[in-house]
Amino acid sequence: MKWTAAADQLLVTLWGKGLTLEGVAEGMTEQGYEVEKNAIAGRRHRLLKKGTVFDERPYRSPQPRAPSATRAIREVKPVDHDEGVEYLKNGPNGCKAILNKRGSDGLAMCCGRLRYNGRPYCETHLKMYCNIAKEK
């Protein structure tokens, strides 16, 4: 479609009535213009850039969403125990639980005990952080 001054004015008028893009497209189609809503959105954007003023539309808040099921998240707090290991020096099989201690380099210390069944924590911290019962 070739946009004319009359088509632009019709777009501004229909938009000022509070119609959606689809509504503006239907209104313009009734007036003899073959135009899709994407073309209207693009033309409106170009008109705004040229300085055309569109009437303010009342803000419509989005439809409220249905409440989602939220999981209870446990807060993981650092714990005090043993000497620990500097986090960066912890081996691949060491517990990753952060302690309330700092190493000589100023970084946090971690538990460092042997991990439980390949998990990231030792048995003690696994029970504290993950609510996993001891496997048999």
# chains A, B, ... in the order shown; residues from 1 in each chain; ligands from 1
$ residues_around --residues "Leu107 (chain A)" --least-positions-apart "6" --cutoff "9 Å" --atoms "only C-alpha atoms" --output "count of residues only"
4
$ select_by_dssp --residues "region 4-130 of chain A" --states "helix (DSSP H, G or I)" --output "ChimeraX atom specification"
/A:5-16,21-30,37-50,87-89,123-130
$ write_last_selection --atoms "C-alpha atoms" --output "CSV table (one decimal), in the first residue's frame"
chain,number,residue,atom,x,y,z
A,5,ALA,CA,-1.7,12.0,3.7
A,6,ALA,CA,-5.4,10.9,3.9
A,7,ALA,CA,-4.3,7.4,5.0
A,8,ASP,CA,-2.0,8.9,7.6
A,9,GLN,CA,-4.8,11.1,9.0
A,10,LEU,CA,-7.1,8.1,9.1
A,11,LEU,CA,-4.5,6.1,11.0
A,12,VAL,CA,-4.0,8.9,13.5
A,13,THR,CA,-7.8,9.3,13.9
A,14,LEU,CA,-8.5,5.6,14.5
A,15,TRP,CA,-5.5,5.3,16.8
A,16,GLY,CA,-6.8,8.2,18.8
A,21,LEU,CA,-3.5,-2.3,15.7
A,22,GLU,CA,-6.0,-4.9,14.5
A,23,GLY,CA,-8.9,-2.5,15.0
A,24,VAL,CA,-7.1,0.2,13.1
A,25,ALA,CA,-6.4,-2.3,10.2
A,26,GLU,CA,-10.1,-3.2,10.1
A,27,GLY,CA,-11.2,0.4,10.1
A,28,MET,CA,-8.8,1.3,7.3
A,29,THR,CA,-10.0,-1.8,5.3
A,30,GLU,CA,-13.6,-0.5,5.6
A,37,LYS,CA,-1.5,-4.4,11.4
A,38,ASN,CA,2.3,-4.8,11.0
A,39,ALA,CA,2.3,-2.1,8.3
A,40,ILE,CA,0.2,0.1,10.6
A,41,ALA,CA,2.7,-0.4,13.4
A,42,GLY,CA,5.6,0.5,11.2
A,43,ARG,CA,3.9,3.5,9.7
A,44,ARG,CA,2.9,4.8,13.2
A,45,HIS,CA,6.5,4.5,14.2
A,46,ARG,CA,7.7,6.4,11.2
A,47,LEU,CA,5.1,9.1,11.8
A,48,LEU,CA,6.2,9.4,15.4
A,49,LYS,CA,9.8,9.9,14.2
A,50,LYS,CA,8.6,12.7,11.9
A,87,TYR,CA,38.1,-22.6,48.2
A,88,LEU,CA,40.4,-22.5,45.2
A,89,LYS,CA,42.6,-25.2,46.7
A,123,GLU,CA,27.0,-35.8,54.2
A,124,THR,CA,26.5,-33.2,56.9
A,125,HIS,CA,26.1,-30.3,54.5
A,126,LEU,CA,23.9,-32.3,52.2
A,127,LYS,CA,21.4,-32.8,55.0
A,128,MET,CA,21.6,-29.1,55.9
A,129,TYR,CA,21.2,-27.7,52.4
A,130,CYS,CA,19.3,-30.2,50.3
$ closest_residue --among "A:Asn93, A:Tyr121, A:Gly106, A:Asp55" --to "Leu19 (chain A)" --atoms "only C-alpha atoms"
A:Asp55
$ atom_distance --atom1 "CA of Leu114 (chain A)" --atom2 "CA of Asn100 (chain A)"
19.0 Å
$ residues_around --residues "Arg113 (chain A)" --least-positions-apart "6" --cutoff "9 Å" --atoms "only C-alpha atoms" --output "CSV table (one decimal) with C-alpha atoms, in the first residue's frame"
chain,number,residue,atom,x,y,z
A,84,GLY,CA,38.3,-25.9,56.3
A,85,VAL,CA,40.2,-25.6,53.0
A,93,ASN,CA,36.2,-34.4,45.6
A,94,GLY,CA,36.0,-31.8,48.4
A,95,CYS,CA,32.7,-30.5,49.9
A,96,LYS,CA,31.9,-27.0,48.5
A,121,TYR,CA,28.5,-31.5,49.6
A,122,CYS,CA,29.6,-33.8,52.4
$ closest_residue --among "A:Glu56, A:Cys111, A:Pro92, A:Arg119" --to "Lys17 (chain A)" --atoms "only C-alpha atoms"
A:Glu56
$ atom_distance --atom1 "CA of Tyr33 (chain A)" --atom2 "CA of Val53 (chain A)"
21.9 Å
